[in-house]
Structure formats: C-alpha cells, structure tokens
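Heads up, the thing below is written out as structure tokens.
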Protein chains: 2
Amino acid sequence: MDPHLLTTFVTVARCGSFSAAATELGYTQSAISQQIAALEADLGLPLLSRRPVEPTPAGRRLLEHAEPLLLRLRAARADVLRAAAAPRHRIGLAVTPLGFTADLADRLARARAAWPLLEVTVVTCGRERVAVLVAEGEADLGLVDGLAAPSDPLRPPDAGPLTTTGVSEEDVVVALPAGHPLAGRAALRLADLADARWLRTPLCPLPRLRALAGDGFPVALEHRGDDVRTLIALVAAGHGLTLLPASALRTPGGAVGVPVSAPRLVHRVELLHGTLPPGPAADLARALTG
Amino acid sequence: MDPHLLTTFVTVARCGSFSAAATELGYTQSAISQQIAALEADLGLPLLSRRPVEPTPAGRRLLEHAEPLLLRLRAARADVLRAAAAPRHRIGLAVTPLGFTADLADRLARARAAWPLLEVTVVTCGRERVAVLVAEGEADLGLVDGLAAPSDPLRPPDAGPLTTTGVSEEDVVVALPAGHPLAGRAALRLADLADARWLRTPLCPLPRLRALAGDGFPVALEHRGDDVRTLIALVAAGHGLTLLPASALRTPGGAVGVPVSAPRLVHRVELLHGTLPPGPAADLARALTG
DNA sequence: TCTGTTTACGAGATACGTAACTATG
DNA sequence: CATAGTTACGTATCTCGTAAACAGA
C-alpha cells in the first residue's frame with residue numbers, strides 16, 4: 001500500500017491502459033506492470049483485469065479509498081510546509097462561479113483597500129477542485145456554493161481537516177425563460193417542476209437537487225463550463241430550467257427567476273481553509289466572513 | 001512523506017526517544033536516525049528537537065496529520081481485503097461500555113437465536129478504539145455512545161468512510177449519592193451543577209460536557225477504566241458526580257439518578273461499520289438497528 | 001564519563017530500464 | 001499479425017546494520 005504504487009494504480013485505472021499511464025508518469029510500460037504486480041501481490045488480490053484494462057471489484061473498492069487518501073497525503077504535506085513558511089502577502093482565492101457573489105466581491109474590494117500590500121489571485125473552478133486547491137495549499141482560501149436546507153452545512157469533499165465557515169445564505173429561484181407560462185408566478189414548488197426539462201450543469205448539480213426534492217428533473221441539455229451568462233442564455237432560449245441564487249438573475253438576460261416555496265432551500269456559500277497562521281490570509285478570511 | 005517514515009516519526013514522537021522507537025519497531029537506532037533524517041530532508045524542516053526528543057512546531061503539525069492518515073491507510077487496506085474475503089460467521093462487535101445497552105444485548109440474543117451459526121465476539125473498549133477496530137476490520141460492527149443534543153449525530157473519529165446509524169436515544173440523568181441534598185429533585189439543570197465536583201471518567205467525557213453545557217465542572221477524582229459499576233460505586237461514596245444514561249442507574253448500587261432538564265441532552269448510541277457485504281455481518285447490523 | 005544520536009561504510013534488497021517473450025483481438 | 005502486457009536480467013539506487021565518531025547531561 002505504498003502511495004507510490006497507489007498513484008500508479010489510480011493513473012492506470014483512469015487511463016485504462018498501462019502504456020498510457022507509463023507515459024503520463026514518465027516510466028516505462030514495464031515499470032508500471034511491475035508496480036501493479038507488486039500492489040496486487042501485496043494485497044493478494046487482482047486489482048485490474050487486463051485487455052481491456054479495467055478495475056476488478058476489489059480494484060474499484062481500492063480506488064474509492066486511494067483517491068481521497070492520496071489527496072490527504074498531499075494536503076498534509078502542503079499544510080506542514082505552509083505552516084512553516086513565512087506569511088505571504090500573495091493570497092490565492094479559489095472560488096466556484098456562484099460562490100463568488102457580488103457581496104463577497106465588495107468585501108474583497110474593501111479588504112484590498114484596507115491592506116494595500118495584499119495581492120490576490122482569484123481562480124474560478126468547480127467545487128471539488130476548490131477543495132483540492134485549498135487542501136494542497138495552492139489556494140489559501142476557498143469559496144464554495146451549494147444548495148442546502150436552511151442552516152444546514154454543505155458537505156465539502158474529504159480533503160483533510162479543512163475549516164468551513166458559513167458566509168451567506170440566499171433565496172433560490174427557478175430560472176425560466178421570460179415568456180414561460182409560469183414566469184409570472186409569485187412562487188413555485190419544486191415538485192411541480194419535477195417533470196419539466198432541466199439543464200445538467202455544474203452550477204446546479206441535479207443529483208443534489210434530487211436528494212433534496214425527490215426524483216425526477218429529467219435532463220434536456222448538458223452544459224459544461226463555469227460561465228453563468230452562458231447558463232442564463234440557455235435558460236432564456238428555452239433549452240431547460242435550472243436553479244440559481246436570486247442575485248444571479250438580477251442582471252438582465254432574458255430569463256426571470258421565480259422563488260422556490262417548497263422545499264425550503266437556500267443557496268449557501270461557505271469559506272474553506274486550512275489552519276491559517278496569523279497574517280494576511282487570516283485577515284482576509286475574517287474580512288470575507290465578517 | 002512515505003508512510004513508512006511517518007510511522008517511524010509517530011513512534012519516535014510517542015516514545016520520546018530514537019532508541020525506544022527502534023526496539024519497538026524492530027530496527028536499529030541508526031536506522032531510525034536515518035529515517036527521521038530522510039523525512040526531515042524530504043520536507044526541508046526539522047521535525048524533532050533532540051535531547052530531549054520533542055516535536056518541533058512543524059513536527060507537531062505533521063503529527064496531527066500523520067496519525068489519522070496512517071489509520072486511514074490501514075483502514076483502506078483492511079476494507080479492500082474484507083470486501084474480497086468470504087463472508088464469515090464469526091462476527092466481531094466492538095462496544096463502548098455504555099453503548100452496549102440492555103436493549104442491544106437483547107437484540108443480539110434474539111439475533112443469535114435466529115441464526116444459530118452466528119459466532120459473536122464482543123470487545124469492550126473506548127470510543128476511539130472502537131472506531132479504530134472497525135476501521136481496520138478487526139471488528140465488523142461497533143457501538144459507540146455519547147452525549148448529544150437530541151437527534152444530533154455523534155462525531156466519530158475520522159477513520160475513513162465509516163457508516164454510522166443511530167440506534168437509540170435515551171434520557172440523561174445526573175448520578176448522585178443516595179443521601180445527596182439534590183437527590184430527591186424531579187429534575188436538575190446542568191448549569192446549577194457546574195460548580196459541583198465531578199468525576200473525570202472515560203464514560204462521561206467532561207470536555208464534551210463543557211462543550212454542550214458551558215464551562216465549569218471541576219474535577220474531584222479521576223477514574224480510569226471501563227467499568228460502570230466502579231463508577232457508580234464512586235458516585236455512591238460521594239467522590240463526585242457524573243452523567244449516565246437513565247437505564248445504567250436502574251441497577252441498585254447506592255446512587256440515584258435525577259433527570260437533566262436543561263440543556264436538552266440525550267445519551268445516544270450509534271452503530272458503526274464499513275461497507276458490509278451481504279452476509280451475517282449485514283444481517284446482524286439490521287438486527288441491532290431494528 | 002555515560003547515554004544516546006549521528007555519520008561512514010559495506011551488504012543485501014529494491015526498483016527501474018532494455019529487450020525478449022507471450023497472449024489477445 | 002499487431003498491439004499491449006509480462007518476464008528475465010543487468011544496473012543503479014536505496015535501506016538497513018555494524019561500528020566508529022560525536023555531543024549533551
């Protein structure tokens with residue numbers, strides 16, 4: 001169960017090929033073969049079926065453990081190094097598109113005005129990637145958003161001991177094309193829209209929606225990407241529905257938002273960070289949650 | 001960050017000595033020295049101050065990561081092996097003393113009557129150890145108890161992806177000597193007892209109590225061990241107070257229980273297990289959760 | 001000086017690459 | 001027959017143990 005071997009195993013499983021993993025990791029095919037053989041000998045189990053290369057049941061089980069384990073290992077390393085390093089004025093902020101609300105942008109602006117030395121880099125990416133960046137220390141702070149029952153915490157991926165702090169909660173609206181028959185309603189119940197056509201987008205994960213509101217919500221069109229304007233344009237053109245925080249729909253774009261009355265849902269934003277040493281990063285964390 | 005080196009580091013830190021760790025791990029003192037040097041070189045940081053051997057700040061930080069990390073590594077290995085192994089009729093059940101209530105003992109008896117092939121081994125130990133035993137597969141099922149606000153889950157130690165299921169909730173009582181001035185009361189508020197003298201015992205962790213009910217609860221006497229009868233005897237003799245689930249005080253022993261009216265607290269028992277393959281272990285889990 | 005850690009060095013084990021081999025589609 | 005994984009084997013590296021050097025109490 002050497003992490004070195006686990007890394008190789010994960011890579012081979014992802015690539016579906018020994019040789020592809022070899023070039024990716026900078027080894028020979030032969031080395032990969034020997035590493036996998038060593039891992040299988042160590043556990044006494046076949047982990048991959050060859051030709052085609054696919055994880056066996058035991059291999060699938062191991063994969064479920066290996067990925068978070070390797071992440072935690074990198075996170076631990078990063079955390080120790082970060083704690084020992086001198087406090088930096090260069091702060092990395094990883095955000096999900098809907099996590100970085102206008103309100104937070106304002107707070108960030110005020111913080112930068114108050115501390116002119118502060119240099120901030122903002123990276124936009126998906127929820128899991130935010131957690132990984134923060135855990136591995138590539139970002140000092142993270143902002144993730146998600147749907148939740150009121151005052152329920154989000155469940156960030158298990159990337160080690162990260163602190164999460166609630167930053168804001170906001171109403172959720174259903175985004176509809178302006179001419180939609182329901183667009184004039186004062187409020188809607190999600191159950192009434194379970195048979196409508198929905199957009200599959202990383203900005204509003206349907207599995208989460210189904211967990212909170214029940215089955216249904218068939219997919220009309222898939223959207224890959226982080227851009228909210230694209231999503232709103234898709235809704236406005238009638239390609240399907242999605243849920244958004246109320247504030248995201250205030251910009252004009254041909255789509256209108258109707259509040260969700262049941263179930264009680266909020267769009268929640270949480271700040272994510274490791275143990276911060278006193279310094280600019282901790283100051284900024286306070287400014288953003290304050 | 002080789003786990004091998006991490007294990008050595010954790011052992012040295014615990015022993016406070018290179019040579020002691022060497023004998024414990026079956027290496028020479030020299031090998032330990034080289035391993036620690038390798039780890040420090042890898043991270044580029046001193047992790048231990050020598051003479052006396054004590055973790056540096058960076059070392060302390062690493063220790064916080066290393067212990068759960070190594071536990072998860074062992075847990076992952078155990079889980080993969082367990083999933084691949086044939087279902088066994090020999091079930092290991094790890095329980096905290098107060099987690100194994102009379103009700104659960106009954107359910108276990110009924111389960112054994114229903115499945116005569118079932119062989120059960122029960123091990124009593126502390127909360128953390130239960131989690132470790134289950135995570136590492138030495139026990140198939142665990143029962144842990146703890147104080148919590150009603151319907152709040154307990155927080156088991158992070159030993160990997162374990163499933164927890166609430167099994168029972170029961171009222172909490174303050175255990176008092178029979179002649180105690182408050183022994184006749186119908187109910188008590190914990191805040192009124194924050195200045196009384198309490199027993200420090202693993203069966204009722206005071207830090208948890210303080211987290212739920214506020215500061216105070218000074219220690220009169222320390223009790224090490226798992227035995228409830230000893231604890232009740234200590235209470236009866238007036239050495240100090242403690243909290244117990246109501247049912248634990250129904251056996252005669254010179255101590256009486258007075259219900260806690262505020263804050264709202266329950267004694268909660270949870271079943272802990274990894275992903276169980278269909279078989280005796282899963283059957284027993286169902287029988288215990290009822 | 002005595003205890004306990006570090007360093008030097010050699011032996012054994014390990015891990016990788018080359019290249020020949022084998023199995024499968 | 002070609003593509004892709006395995007096996008054999010030589011070499012470089014690593015890790016540990018022995019033993020000598022070194023540093024605090």
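Labeling convention for the structure tokens: chains A, B, ... as they appear, residues from 1 per chain, ligands from 1 in order of appearance.
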
- Message: If you run DSSP on the backbone here, which positions in range 87-143 of chain B get strand (DSSP E or B)? Please write them as a ChimeraX atom specification.
- Response: /B:90-95,119-124,141-143

- Task: Just need the residues of chain C within 10 Å of chain A, counting only C-alpha atoms (C1' of nucleotides), so spit them out as a PyMOL selection string.
- Result: chain C and resi 15-18+23-25

Could the residues in this selection be written to a file with C-alpha atoms (C1' of nucleotides), as a short mmCIF file (atom, residue, chain, number, x, y, z; two decimals), in the first residue's frame?
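This is the output file part27.cif:
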data_model
loop_
_atom_site.label_atom_id
_atom_site.label_comp_id
_atom_site.auth_asym_id
_atom_site.auth_seq_id
_atom_site.Cartn_x
_atom_site.Cartn_y
_atom_site.Cartn_z
"C1'" DA C 15 13.20 -0.59 -8.45
"C1'" DC C 16 13.82 0.68 -12.95
"C1'" DG C 17 15.10 0.12 -18.00
"C1'" DT C 18 16.18 -2.84 -22.01
"C1'" DA C 23 -1.25 -13.50 -25.14
"C1'" DT C 24 -5.24 -11.48 -27.17
"C1'" DG C 25 -8.14 -9.24 -30.52
#

If you take only C-alpha atoms and a cut-off of 8 Å, which residues of chain B touch chain A, and what are their nearest atom pairs and distances in Å to one decimal, in chain and number order, as a Markdown table?
| residue | atom | partner | partner_atom | distance |
| --- | --- | --- | --- | --- |
| B:Met1 | CA | A:Arg77 | CA | 7.3 |
| B:Asp2 | CA | A:Pro3 | CA | 7.3 |
| B:Pro3 | CA | A:Asp2 | CA | 7.3 |
| B:Leu43 | CA | A:Leu81 | CA | 7.2 |
| B:Ala58 | CA | A:Val80 | CA | 6.0 |
| B:Arg61 | CA | A:Val80 | CA | 6.0 |
| B:Leu62 | CA | A:Val80 | CA | 5.9 |
| B:His65 | CA | A:Ala76 | CA | 5.8 |
| B:Ala66 | CA | A:Ala76 | CA | 7.8 |
| B:Leu69 | CA | A:Leu73 | CA | 7.2 |
| B:Arg72 | CA | A:Leu69 | CA | 7.3 |
| B:Leu73 | CA | A:Leu69 | CA | 7.2 |
| B:Ala76 | CA | A:His65 | CA | 5.8 |
| B:Arg77 | CA | A:Met1 | CA | 7.3 |
| B:Val80 | CA | A:Leu62 | CA | 6.0 |
| B:Leu81 | CA | A:Leu43 | CA | 7.2 |
| B:Ala83 | CA | A:Ala58 | CA | 7.1 |
| B:Ala84 | CA | A:Ala58 | CA | 6.3 |

Chain D contacts to chain B at 9 Å (only C-alpha atoms (C1' of nucleotides)) as a short mmCIF file (atom, residue, chain, number, x, y, z; two decimals) with C-alpha atoms (C1' of nucleotides), in the first residue's frame:
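The resulting file, part_22.cif, is shown below:
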data_model
loop_
_atom_site.label_atom_id
_atom_site.label_comp_id
_atom_site.auth_asym_id
_atom_site.auth_seq_id
_atom_site.Cartn_x
_atom_site.Cartn_y
_atom_site.Cartn_z
"C1'" DT D 15 17.88 0.97 3.06
"C1'" DC D 16 19.46 -1.18 6.76
"C1'" DG D 17 23.06 -2.95 10.08
"C1'" DG D 24 24.89 16.60 25.79
#

- Using backbone DSSP assignments, extract all alpha helix (DSSP H) residues from range 48-248 of chain A; output them as a count of residues only. 67

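Annotation: chain B versus chain A, same sequence, C-alpha RMSD 0.1 Å after least-squares fit.
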
- Between CA of Leu141 in chain A and CA of Leu271 in chain A, what is the distance, to one decimal in Å? 6.9 Å

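If you look at CA of Ala281 in chain B and CA of Ala111 in chain B, they are 11.1 Å away from each other.
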
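Taking only C-alpha atoms into account, Val130 in chain B lies nearest to B:His273 out of the set B:Arg112, B:His273, B:Arg210, B:Arg88.
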
- Can you work out the spacing between CA of Asp215 in chain A and CA of Arg197 in chain A in Å, to one decimal? 13.0 Å

- Message: Just want the 10 Å neighbourhood of Arg155 in chain B, counted on only C-alpha atoms (C1' of nucleotides), with same-chain residues fewer than 4 positions away dropped. Output as a PyMOL selection string.
- Response: chain B and resi 146+148+164

Could you please take those selected residues and save all heavy atoms as a short mmCIF file (atom, residue, chain, number, x, y, z; two decimals), in the first residue's frame?
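Writing the result to out-v3.cif gives the following:
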data_model
loop_
_atom_site.label_atom_id
_atom_site.label_comp_id
_atom_site.auth_asym_id
_atom_site.auth_seq_id
_atom_site.Cartn_x
_atom_site.Cartn_y
_atom_site.Cartn_z
N GLY B 146 -22.53 8.36 23.37
CA GLY B 146 -22.04 9.69 23.67
C GLY B 146 -23.19 10.62 23.99
O GLY B 146 -24.36 10.28 23.79
N ALA B 148 -25.27 14.02 23.33
CA ALA B 148 -25.53 14.87 22.17
C ALA B 148 -26.83 15.61 22.40
O ALA B 148 -27.65 15.23 23.24
CB ALA B 148 -25.62 14.03 20.91
N THR B 164 -22.44 5.43 9.97
CA THR B 164 -22.97 5.46 11.34
C THR B 164 -24.49 5.50 11.25
O THR B 164 -25.06 6.22 10.44
CB THR B 164 -22.48 6.69 12.11
OG1 THR B 164 -22.95 7.85 11.44
CG2 THR B 164 -20.97 6.74 12.17
#

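Distance check against DA20 in chain C using only C-alpha atoms (C1' of nucleotides): of D:DC14, D:DA2, D:DA19, D:DA8, the minimum falls on D:DA8.
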
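Each of B:Glu54, B:Ser33, B:Glu138, B:Ala211 was checked against DT7 in chain C using only C-alpha atoms (C1' of nucleotides); the smallest atom-to-atom distance is that of B:Ser33.
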